[in-house]
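Q: Sharing target-v9.txt (compact mmCIF, C-alpha atoms) below.
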# COMPACT_ATOMS: atom_id res chain seq x y z
CA MET A 1439 2.96 16.27 4.96
CA ALA A 1440 5.55 18.31 6.87
CA HIS A 1441 8.55 19.55 4.92
CA ALA A 1442 10.86 17.73 7.34
CA ASP A 1443 9.32 14.42 6.30
CA ARG A 1444 10.57 15.00 2.75
CA CYS A 1445 14.18 15.30 3.91
CA LEU A 1446 16.63 12.48 4.62
CA THR A 1447 20.29 11.94 5.34
CA LEU A 1448 22.10 8.92 3.94
CA GLY A 1449 25.71 8.17 4.72
CA ARG A 1450 28.27 6.07 6.55
CA ASP A 1451 28.11 6.42 10.34
CA GLU A 1452 31.45 7.53 11.72
CA HIS A 1453 31.12 5.40 14.85
CA SER A 1454 29.69 2.09 13.60
CA GLY A 1455 30.83 2.22 9.97
CA GLU A 1456 27.31 1.25 8.86
CA VAL A 1457 25.54 2.96 5.98
CA LEU A 1458 22.49 4.58 7.60
CA ALA A 1459 19.48 6.53 6.33
CA ARG A 1460 17.58 8.80 8.70
CA GLY A 1461 14.39 10.80 8.28
CA GLY A 1462 11.60 10.61 5.73
CA ASP A 1463 7.96 9.57 5.76
CA PRO A 1464 6.41 6.09 5.29
CA GLU A 1465 6.77 6.31 1.50
CA ALA A 1466 10.48 7.06 1.83
CA HIS A 1467 10.84 4.18 4.28
CA SER A 1468 9.16 1.87 1.79
CA ILE A 1469 11.57 2.96 -0.94
CA LEU A 1470 14.54 2.32 1.36
CA GLN A 1471 13.30 -1.14 2.28
CA ARG A 1472 12.64 -2.03 -1.36
CA THR A 1473 16.22 -0.99 -2.10
CA GLY A 1474 17.57 -3.41 0.48
CA PHE A 1475 17.73 -1.35 3.68
CA VAL A 1476 16.66 -2.85 7.00
CA PRO A 1477 14.47 -0.83 9.43
CA VAL A 1478 15.83 -0.31 12.94
CA VAL A 1479 13.23 0.64 15.55
CA ARG A 1480 14.58 2.21 18.73
CA LEU A 1481 12.79 3.82 21.67
CA HIS A 1482 13.26 7.38 20.44
CA GLU A 1483 13.88 6.97 16.71
CA THR A 1484 13.49 4.77 13.68
CA TYR A 1485 16.15 4.66 10.99
CA HIS A 1486 17.36 2.29 8.26
CA ARG A 1487 20.66 0.49 7.68
CA LEU A 1488 22.14 -1.68 4.97
CA PRO A 1489 22.31 -5.42 5.70
CA VAL A 1490 25.38 -6.73 7.51
CA ALA A 1491 28.32 -8.44 5.78
CA LEU A 1492 28.10 -6.57 2.46
CA ASP A 1493 31.33 -5.61 0.74
CA ALA A 1494 32.08 -1.93 0.09
CA ALA A 1495 31.14 -2.12 -3.60
CA GLU A 1496 27.71 -3.58 -2.85
CA GLU A 1497 27.08 -1.02 -0.11
CA ARG A 1498 27.92 1.78 -2.52
CA ARG A 1499 25.69 0.31 -5.23
CA LEU A 1500 22.66 0.04 -2.93
CA ALA A 1501 23.24 3.46 -1.36
CA ILE A 1502 23.48 5.14 -4.78
CA ARG A 1503 20.30 3.36 -5.88
CA ALA A 1504 18.44 4.48 -2.74
CA VAL A 1505 19.46 8.11 -3.26
CA ALA A 1506 18.47 7.91 -6.94
CA ARG A 1507 15.04 6.47 -6.17
CA LEU A 1508 14.31 8.95 -3.39
CA ARG A 1509 15.33 11.98 -5.45
CA ALA A 1510 13.31 10.74 -8.42
CA VAL A 1511 10.16 11.34 -6.37
CA LYS A 1512 11.33 14.72 -5.05
CA TYR A 1513 12.80 13.83 -1.67
CA HIS A 1514 15.66 16.04 -0.50
CA VAL A 1515 18.54 13.72 0.36
CA GLU A 1516 21.78 14.83 2.02
CA ALA A 1517 24.14 12.04 0.99
CA ASP A 1518 27.83 11.24 1.41
CA GLU A 1519 29.87 12.24 -1.61
CA ALA A 1520 30.44 8.58 -2.50
CA PHE A 1521 26.68 8.06 -2.85
CA ASP A 1522 25.77 11.45 -4.35
CA THR A 1523 25.37 11.01 -8.12
CA GLU A 1524 23.13 12.32 -10.88
CA THR A 1525 21.53 8.89 -11.27
CA ARG A 1526 17.72 8.79 -11.09
CA GLN A 1527 15.54 5.69 -11.11
CA PRO A 1528 11.79 5.56 -11.74
CA HIS A 1529 9.60 4.65 -8.78
CA TYR A 1530 6.79 2.28 -9.72
CA LEU A 1531 3.63 1.76 -7.70
CA PRO A 1532 4.36 -1.17 -5.36
CA LEU A 1533 2.00 -4.09 -4.96
CA GLY A 1534 0.98 -2.94 -1.49
CA SER A 1535 -0.32 0.37 -2.84
CA GLN A 1536 -2.28 -1.44 -5.54
CA VAL A 1537 -3.89 -3.67 -2.90
CA ALA A 1538 -4.67 -0.65 -0.71
CA HIS A 1539 -6.51 0.82 -3.69
CA LEU A 1540 -8.91 -2.13 -3.48
CA ALA A 1541 -10.01 -0.87 -0.06
CA GLU A 1542 -10.69 2.55 -1.54
CA GLN A 1543 -12.84 0.93 -4.23
CA ILE A 1544 -14.93 -0.74 -1.53
CA HIS A 1545 -15.28 2.58 0.30
CA GLU A 1546 -16.67 4.11 -2.89
CA ALA A 1547 -18.80 1.15 -3.99
CA THR A 1548 -22.54 1.71 -4.35
CA THR A 1549 -23.60 -1.84 -5.32
CA SER A 1550 -22.95 -5.39 -4.20
CA ASP A 1551 -21.59 -6.20 -7.67
CA GLU A 1552 -18.80 -3.63 -7.30
CA VAL A 1553 -17.69 -5.08 -3.96
CA SER A 1554 -17.90 -8.61 -5.35
CA ASP A 1555 -15.52 -7.61 -8.15
CA VAL A 1556 -13.02 -6.25 -5.62
CA LEU A 1557 -13.18 -9.36 -3.42
CA THR A 1558 -12.56 -11.47 -6.52
CA GLU A 1559 -9.13 -9.82 -6.78
CA LEU A 1560 -8.36 -11.28 -3.33
CA THR A 1561 -9.98 -14.71 -3.60
CA ALA A 1562 -9.54 -15.81 -7.23
CA SER A 1563 -8.32 -19.38 -6.94
CA HIS A 1564 -5.50 -19.12 -9.50
CA ASP A 1565 -4.13 -15.60 -9.16
CA GLY A 1566 -5.87 -13.85 -6.26
CA VAL A 1567 -3.81 -11.85 -3.77
CA LEU A 1568 -4.44 -14.33 -0.94
CA ILE A 1569 -2.30 -17.11 -2.40
CA GLY A 1570 -1.02 -19.67 0.11
CA GLU A 1571 1.66 -20.84 -2.31
CA VAL A 1572 3.76 -17.78 -1.44
CA LEU A 1573 3.93 -18.70 2.25
CA THR A 1574 4.37 -22.38 1.42
CA ALA A 1575 7.33 -21.55 -0.83
CA ALA A 1576 8.85 -19.38 1.91
CA ALA A 1577 8.39 -22.23 4.39
CA ALA A 1578 10.20 -24.64 2.08
CA PHE A 1579 13.03 -22.14 1.66
CA TYR A 1580 13.45 -21.75 5.43
CA SER A 1581 13.33 -25.48 6.10
CA HIS A 1582 16.64 -26.05 4.28
CA LEU A 1583 18.68 -23.06 5.47
CA GLY A 1584 20.34 -25.05 8.26
CA GLN A 1585 20.22 -22.68 11.24
CA ALA A 1586 18.59 -23.78 14.50
CA PRO A 1587 15.44 -21.55 14.34
CA ASP A 1588 14.74 -22.27 10.66
CA PRO A 1589 12.63 -25.46 11.02
CA HIS A 1590 10.43 -23.68 13.58
CA THR A 1591 9.98 -20.73 11.22
CA ALA A 1592 9.08 -23.08 8.36
CA LYS A 1593 6.50 -24.89 10.51
CA ARG A 1594 5.04 -21.54 11.62
CA LEU A 1595 4.60 -20.40 8.04
CA GLN A 1596 2.96 -23.66 7.06
CA TYR A 1597 0.64 -23.41 10.08
CA LEU A 1598 -0.44 -19.92 8.93
CA VAL A 1599 -1.24 -21.31 5.48
CA GLU A 1600 -3.27 -24.24 6.75
CA HIS A 1601 -5.03 -22.75 9.77
CA ARG A 1602 -5.18 -18.98 9.29
CA LEU A 1603 -4.99 -17.98 5.65
CA GLY A 1604 -7.32 -20.82 4.66
CA VAL A 1605 -10.03 -19.58 7.03
CA ILE A 1606 -9.73 -15.99 5.79
CA TRP A 1607 -9.82 -17.10 2.15
CA SER A 1608 -12.86 -19.32 2.76
CA ASP A 1609 -14.82 -16.59 4.56
CA LEU A 1610 -14.01 -13.95 1.94
CA THR A 1611 -14.93 -16.34 -0.88
CA HIS A 1612 -18.32 -16.97 0.74
CA MET A 1613 -18.91 -13.22 1.10
CA ARG A 1614 -17.82 -12.61 -2.48
CA ASN A 1615 -20.23 -15.21 -3.83
CA ASP A 1616 -23.06 -13.88 -1.68
CA LEU A 1617 -22.57 -10.34 -2.98
CA ALA A 1618 -22.27 -11.58 -6.56
CA ASP A 1619 -25.77 -13.08 -6.30
CA ARG A 1620 -27.44 -10.08 -4.66
CA HIS A 1621 -27.21 -7.37 -7.35
CA GLN A 1622 -28.17 -4.88 -4.66
CA ASP A 1623 -27.68 -1.14 -4.43
CA HIS A 1624 -26.28 0.04 -1.12
CA PRO A 1625 -29.16 1.82 0.67
CA GLN A 1626 -26.93 4.61 2.04
CA ARG A 1627 -24.68 5.21 -0.94
CA ARG A 1628 -25.41 6.53 -4.39
CA ALA A 1629 -23.38 7.78 -7.31
CA CYS A 1630 -23.68 11.52 -7.95
CA ALA A 1631 -25.11 12.11 -11.44
CA ALA A 1632 -24.84 15.92 -11.16
CA GLU A 1633 -28.57 16.32 -11.75
CA VAL A 1634 -31.12 18.73 -10.26
CA GLY A 1635 -34.77 18.23 -9.42
CA PRO A 1636 -37.55 18.88 -11.99
CA ASP A 1637 -38.96 21.72 -9.88
CA GLU A 1638 -35.77 23.77 -10.18
CA ARG A 1639 -36.34 26.85 -12.41
CA GLU A 1640 -32.92 28.44 -12.28
CA ALA A 1641 -30.86 27.57 -15.35
CA SER A 1642 -27.69 27.94 -13.27
CA ALA A 1643 -28.80 25.34 -10.72
CA VAL A 1644 -26.25 22.65 -9.88
CA CYS A 1645 -26.35 19.37 -8.03
CA ALA A 1646 -27.10 19.81 -4.34
CA CYS A 1647 -24.39 17.37 -3.24
CA PRO A 1648 -21.79 19.02 -1.01
CA PRO A 1649 -18.29 19.33 -2.48
CA PRO A 1650 -16.01 16.37 -1.77
CA PRO A 1651 -13.46 16.70 1.04
CA PRO A 1652 -9.92 17.73 0.04
CA ARG A 1653 -8.36 14.29 -0.46
CA LEU A 1654 -6.89 12.32 -3.31
CA ALA A 1655 -9.84 9.93 -3.57
CA THR A 1656 -13.31 11.18 -2.69
CA SER A 1657 -15.50 9.30 -0.26
CA PRO A 1658 -19.10 8.44 -1.16
CA VAL A 1659 -21.59 11.19 -0.42
CA ALA A 1660 -24.49 10.37 1.90
CA PRO A 1661 -27.96 10.74 0.31
CA PRO A 1662 -30.58 13.17 1.63
CA THR A 1663 -32.82 11.83 4.36
CA ALA A 1664 -36.00 12.38 2.35
CA PRO A 1665 -36.54 10.69 -1.04
CA ALA A 1666 -35.52 12.99 -3.88
CA PRO A 1667 -38.00 13.74 -6.68
CA ALA A 1668 -37.39 12.40 -10.15
CA ALA A 1669 -34.36 14.13 -11.60
CA ARG A 1670 -34.00 15.93 -14.88
CA PRO A 1671 -30.72 16.74 -16.65
CA ARG A 1672 -29.18 20.09 -15.72
CA HIS A 1673 -29.32 22.79 -18.40
Translate the structure of the given file into structure tokens.
A:
Amino acid sequence: MAHADRCLTLGRDEHSGEVLARGGDPEAHSILQRTGFVPVVRLHETYHRLPVALDAAEERRLAIRAVARLRAVKYHVEADEAFDTETRQPHYLPLGSQVAHLAEQIHEATTSDEVSDVLTELTASHDGVLIGEVLTAAAAFYSHLGQAPDPHTAKRLQYLVEHRLGVIWSDLTHMRNDLADRHQDHPQRRACAAEVGPDEREASAVCACPPPPPRLATSPVAPPTAPAPAARPRH
């Protein structure tokens, strides 16, 4: 990640009077949005602003919180004096990152059982991630707000629940149940046990698997094309 992506400015714009945040990477943008900022996408730049119609005290509170959260995870923030405090707030792993980790588990899975377990986190009928009740509740909220587009938005959300999310949930549930019954090893993936073949005489011999690529979570290593002989523990 470039150094510039770890730097942001946060202050009141002298022309519009809005409190704006500029710069940062996707993680910083997520922190801003979770602190109440609204993304603004323009042709040549993307920045964030506080919502309209906030009083000065609320703007200051949210701006101070944003600076505190960004600096807590080592972002360099140039902030207006009014927002520049020694406050720091812990940054917890958001739900989206936890769900993204499920994809990484599937990438690393070597058996159908492991993938079935991950898909269960999505499709569990009571507390899986794909819960239509969230969209249904949002639809009900919109339906009573009273502005002209709100009934249309509510109907759109309900349509997604009934005709889109339901299909996805049904298909994933079928796949999950199929994998749960298979108990099958993936033919092109295997877990590395750090073992060497029985014909290896060198005491210093190590597993022949190539080193993992330089990333936070390693990808599964492809097996050799020819069947490996029975392995013995490394000395």
Q: Which protein, DNA or RNA residues are at most 12 Å from (3.8, 8.3, 5.3) in the file's coordinates when you count all atoms listed in the file, listed as a ChimeraX atom specification?
A: /A:1439-1440,1442-1444,1461-1469
Q: Would you output that residue set with C-alpha atoms, as a PDB file, keeping the file's coordinate frame?
A:
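Result went into again03.pdb, see below:
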ATOM      1  CA  MET A1439       2.960  16.270   4.960  1.00  0.00           C
ATOM      2  CA  ALA A1440       5.550  18.310   6.870  1.00  0.00           C
ATOM      3  CA  ALA A1442      10.860  17.730   7.340  1.00  0.00           C
ATOM      4  CA  ASP A1443       9.320  14.420   6.300  1.00  0.00           C
ATOM      5  CA  ARG A1444      10.570  15.000   2.750  1.00  0.00           C
ATOM      6  CA  GLY A1461      14.390  10.800   8.280  1.00  0.00           C
ATOM      7  CA  GLY A1462      11.600  10.610   5.730  1.00  0.00           C
ATOM      8  CA  ASP A1463       7.960   9.570   5.760  1.00  0.00           C
ATOM      9  CA  PRO A1464       6.410   6.090   5.290  1.00  0.00           C
ATOM     10  CA  GLU A1465       6.770   6.310   1.500  1.00  0.00           C
ATOM     11  CA  ALA A1466      10.480   7.060   1.830  1.00  0.00           C
ATOM     12  CA  HIS A1467      10.840   4.180   4.280  1.00  0.00           C
ATOM     13  CA  SER A1468       9.160   1.870   1.790  1.00  0.00           C
ATOM     14  CA  ILE A1469      11.570   2.960  -0.940  1.00  0.00           C
TER      15      ILE A1469
END
Q: Which is closer to Asp1623 in chain A than all the others in A:Thr1548, A:Ala1592, A:Thr1574, A:Val1605, using only C-alpha atoms?
A: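 Comparing A:Thr1548, A:Ala1592, A:Thr1574, A:Val1605 against Asp1623 in chain A, the winner is A:Thr1548.
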Q: Residues at most 12 Å from Tyr1530 in chain A, counting only C-alpha atoms, excluding those fewer than 3 positions away in the same chain, as a PyMOL selection string?
A: chain A and resi 1465+1468-1469+1472+1507-1508+1510-1511+1527+1533-1536
Q: Could you give me, as a PyMOL selection string, the residues within 8 Å of Val1599 in chain A, counting all atoms listed in the file and dropping anything in the same chain fewer than 4 positions from it?
A: chain A and resi 1570+1573-1574+1595+1603-1604
Q: For C-alpha atoms, I'd like the residues from the last selection saved as a compact mmCIF listing (two decimals), in the coordinates of the input.
A:
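Below you can see selection07.txt, which holds the result:
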# COMPACT_ATOMS: atom_id res chain seq x y z
CA GLY A 1570 -1.02 -19.67 0.11
CA LEU A 1573 3.93 -18.70 2.25
CA THR A 1574 4.37 -22.38 1.42
CA LEU A 1595 4.60 -20.40 8.04
CA LEU A 1603 -4.99 -17.98 5.65
CA GLY A 1604 -7.32 -20.82 4.66
Q: Would you mind listing what lies within 9 Å of Leu1488 in chain A as a PyMOL selection string, with only C-alpha atoms counted and same-chain residues fewer than 5 positions away left out?
A: chain A and resi 1456-1459+1474-1477+1497+1500-1501
Q: Rank nothing, just name the residue among A:Leu1560, A:Ile1569, A:Met1613, A:Ala1547 nearest to Pro1625 in chain A, using all atoms listed in the file.
A: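 Checking each candidate against Pro1625 in chain A, we get A:Ala1547 as the closest.
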Q: Which residue is closest to Ile1502 in chain A? Choose from A:Asp1616, A:Tyr1485, A:Val1478, A:Thr1473 and count all atoms listed in the file.
A: A:Thr1473
Q: Which one is closest to Leu1448 in chain A: A:Val1505, A:Ile1544, A:Leu1568, A:Leu1492? Count only C-alpha atoms.
A: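 Checking each candidate against Leu1448 in chain A, we get A:Val1505 as the closest.
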Q: Measuring atom to atom with all atoms listed in the file, identify which of A:His1564, A:Arg1602, A:Arg1460, A:Arg1614 is nearest to Arg1487 in chain A.
A: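 Looking only at the distances to Arg1487 in chain A, the closest residue turns out to be A:Arg1460.
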Q: Just how far from CA of Gln1622 in chain A is CA of Glu1552 in chain A, in Å to one decimal?
A: 9.8 Å
Q: Could you jot down the CA of His1545 in chain A to CA of Ser1563 in chain A separation for me, Å, one decimal place?
A: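 Answer for the CA of His1545 in chain A to CA of Ser1563 in chain A separation: 24.1 Å.
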Q: Could you check how far CA of Glu1483 in chain A sits from CA of Leu1446 in chain A, in Å to one decimal?
A: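 Atom-to-atom, CA of Glu1483 in chain A to CA of Leu1446 in chain A, that is 13.6 Å.
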Q: With distances taken over all atoms listed in the file, which residue among A:Leu1540, A:Thr1611, A:Val1567, A:Ala1517 lies nearest Asp1451 in chain A?
A: A:Ala1517
Q: Can you sort out range 1535-1546 of chain A so it carries all heavy atoms, written as a short mmCIF file (atom, residue, chain, number, x, y, z; two decimals), in the coordinates of the input?
A:
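Listed below is the output, out-v5.cif:
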data_model
loop_
_atom_site.label_atom_id
_atom_site.label_comp_id
_atom_site.auth_asym_id
_atom_site.auth_seq_id
_atom_site.Cartn_x
_atom_site.Cartn_y
_atom_site.Cartn_z
N SER A 1535 0.53 -0.78 -2.53
CA SER A 1535 -0.32 0.37 -2.84
C SER A 1535 -1.48 -0.04 -3.75
O SER A 1535 -2.59 0.48 -3.64
CB SER A 1535 0.51 1.47 -3.52
OG SER A 1535 1.47 1.99 -2.62
N GLN A 1536 -1.21 -0.97 -4.67
CA GLN A 1536 -2.28 -1.44 -5.54
C GLN A 1536 -3.35 -2.17 -4.73
O GLN A 1536 -4.55 -2.02 -4.97
CB GLN A 1536 -1.70 -2.36 -6.61
CG GLN A 1536 -0.70 -1.67 -7.52
CD GLN A 1536 -0.10 -2.63 -8.53
OE1 GLN A 1536 -0.81 -3.36 -9.22
NE2 GLN A 1536 1.22 -2.66 -8.62
N VAL A 1537 -2.92 -2.97 -3.74
CA VAL A 1537 -3.89 -3.67 -2.90
C VAL A 1537 -4.66 -2.68 -2.04
O VAL A 1537 -5.87 -2.83 -1.84
CB VAL A 1537 -3.17 -4.72 -2.03
CG1 VAL A 1537 -4.14 -5.36 -1.04
CG2 VAL A 1537 -2.55 -5.79 -2.91
N ALA A 1538 -3.98 -1.66 -1.51
CA ALA A 1538 -4.67 -0.65 -0.71
C ALA A 1538 -5.75 0.06 -1.52
O ALA A 1538 -6.78 0.47 -0.98
CB ALA A 1538 -3.66 0.35 -0.16
N HIS A 1539 -5.51 0.18 -2.83
CA HIS A 1539 -6.51 0.82 -3.69
C HIS A 1539 -7.81 0.00 -3.73
O HIS A 1539 -8.89 0.56 -3.93
CB HIS A 1539 -5.95 0.98 -5.10
CG HIS A 1539 -6.89 1.64 -6.06
ND1 HIS A 1539 -7.35 2.92 -5.88
CD2 HIS A 1539 -7.48 1.19 -7.19
CE1 HIS A 1539 -8.18 3.24 -6.86
NE2 HIS A 1539 -8.28 2.20 -7.67
N LEU A 1540 -7.70 -1.31 -3.52
CA LEU A 1540 -8.91 -2.13 -3.48
C LEU A 1540 -9.81 -1.70 -2.33
O LEU A 1540 -11.04 -1.67 -2.46
CB LEU A 1540 -8.54 -3.60 -3.33
CG LEU A 1540 -7.72 -4.23 -4.47
CD1 LEU A 1540 -7.40 -5.69 -4.14
CD2 LEU A 1540 -8.48 -4.14 -5.79
N ALA A 1541 -9.21 -1.35 -1.19
CA ALA A 1541 -10.01 -0.87 -0.06
C ALA A 1541 -10.73 0.42 -0.41
O ALA A 1541 -11.90 0.62 -0.04
CB ALA A 1541 -9.13 -0.68 1.17
N GLU A 1542 -10.06 1.30 -1.13
CA GLU A 1542 -10.69 2.55 -1.54
C GLU A 1542 -11.87 2.28 -2.48
O GLU A 1542 -12.90 2.95 -2.41
CB GLU A 1542 -9.66 3.45 -2.23
CG GLU A 1542 -10.11 4.89 -2.41
CD GLU A 1542 -10.34 5.60 -1.08
OE1 GLU A 1542 -9.61 5.34 -0.12
OE2 GLU A 1542 -11.29 6.40 -1.01
N GLN A 1543 -11.73 1.28 -3.34
CA GLN A 1543 -12.84 0.93 -4.23
C GLN A 1543 -14.06 0.45 -3.44
O GLN A 1543 -15.20 0.76 -3.79
CB GLN A 1543 -12.39 -0.14 -5.22
CG GLN A 1543 -11.41 0.35 -6.27
CD GLN A 1543 -11.02 -0.77 -7.22
OE1 GLN A 1543 -10.03 -1.45 -7.04
NE2 GLN A 1543 -11.81 -0.98 -8.25
N ILE A 1544 -13.81 -0.29 -2.36
CA ILE A 1544 -14.93 -0.74 -1.53
C ILE A 1544 -15.57 0.44 -0.81
O ILE A 1544 -16.79 0.52 -0.68
CB ILE A 1544 -14.46 -1.82 -0.53
CG1 ILE A 1544 -14.05 -3.09 -1.28
CG2 ILE A 1544 -15.55 -2.14 0.50
CD1 ILE A 1544 -13.54 -4.21 -0.38
N HIS A 1545 -14.74 1.39 -0.35
CA HIS A 1545 -15.28 2.58 0.30
C HIS A 1545 -16.21 3.35 -0.63
O HIS A 1545 -17.19 3.95 -0.18
CB HIS A 1545 -14.14 3.50 0.75
CG HIS A 1545 -13.46 3.07 2.01
ND1 HIS A 1545 -14.13 2.87 3.20
CD2 HIS A 1545 -12.16 2.80 2.29
CE1 HIS A 1545 -13.29 2.49 4.13
NE2 HIS A 1545 -12.08 2.43 3.61
N GLU A 1546 -15.90 3.33 -1.92
CA GLU A 1546 -16.67 4.11 -2.89
C GLU A 1546 -17.77 3.31 -3.57
O GLU A 1546 -18.58 3.86 -4.32
CB GLU A 1546 -15.72 4.68 -3.96
CG GLU A 1546 -14.68 5.66 -3.40
CD GLU A 1546 -13.73 6.15 -4.47
OE1 GLU A 1546 -13.77 5.59 -5.60
OE2 GLU A 1546 -12.96 7.07 -4.19
#
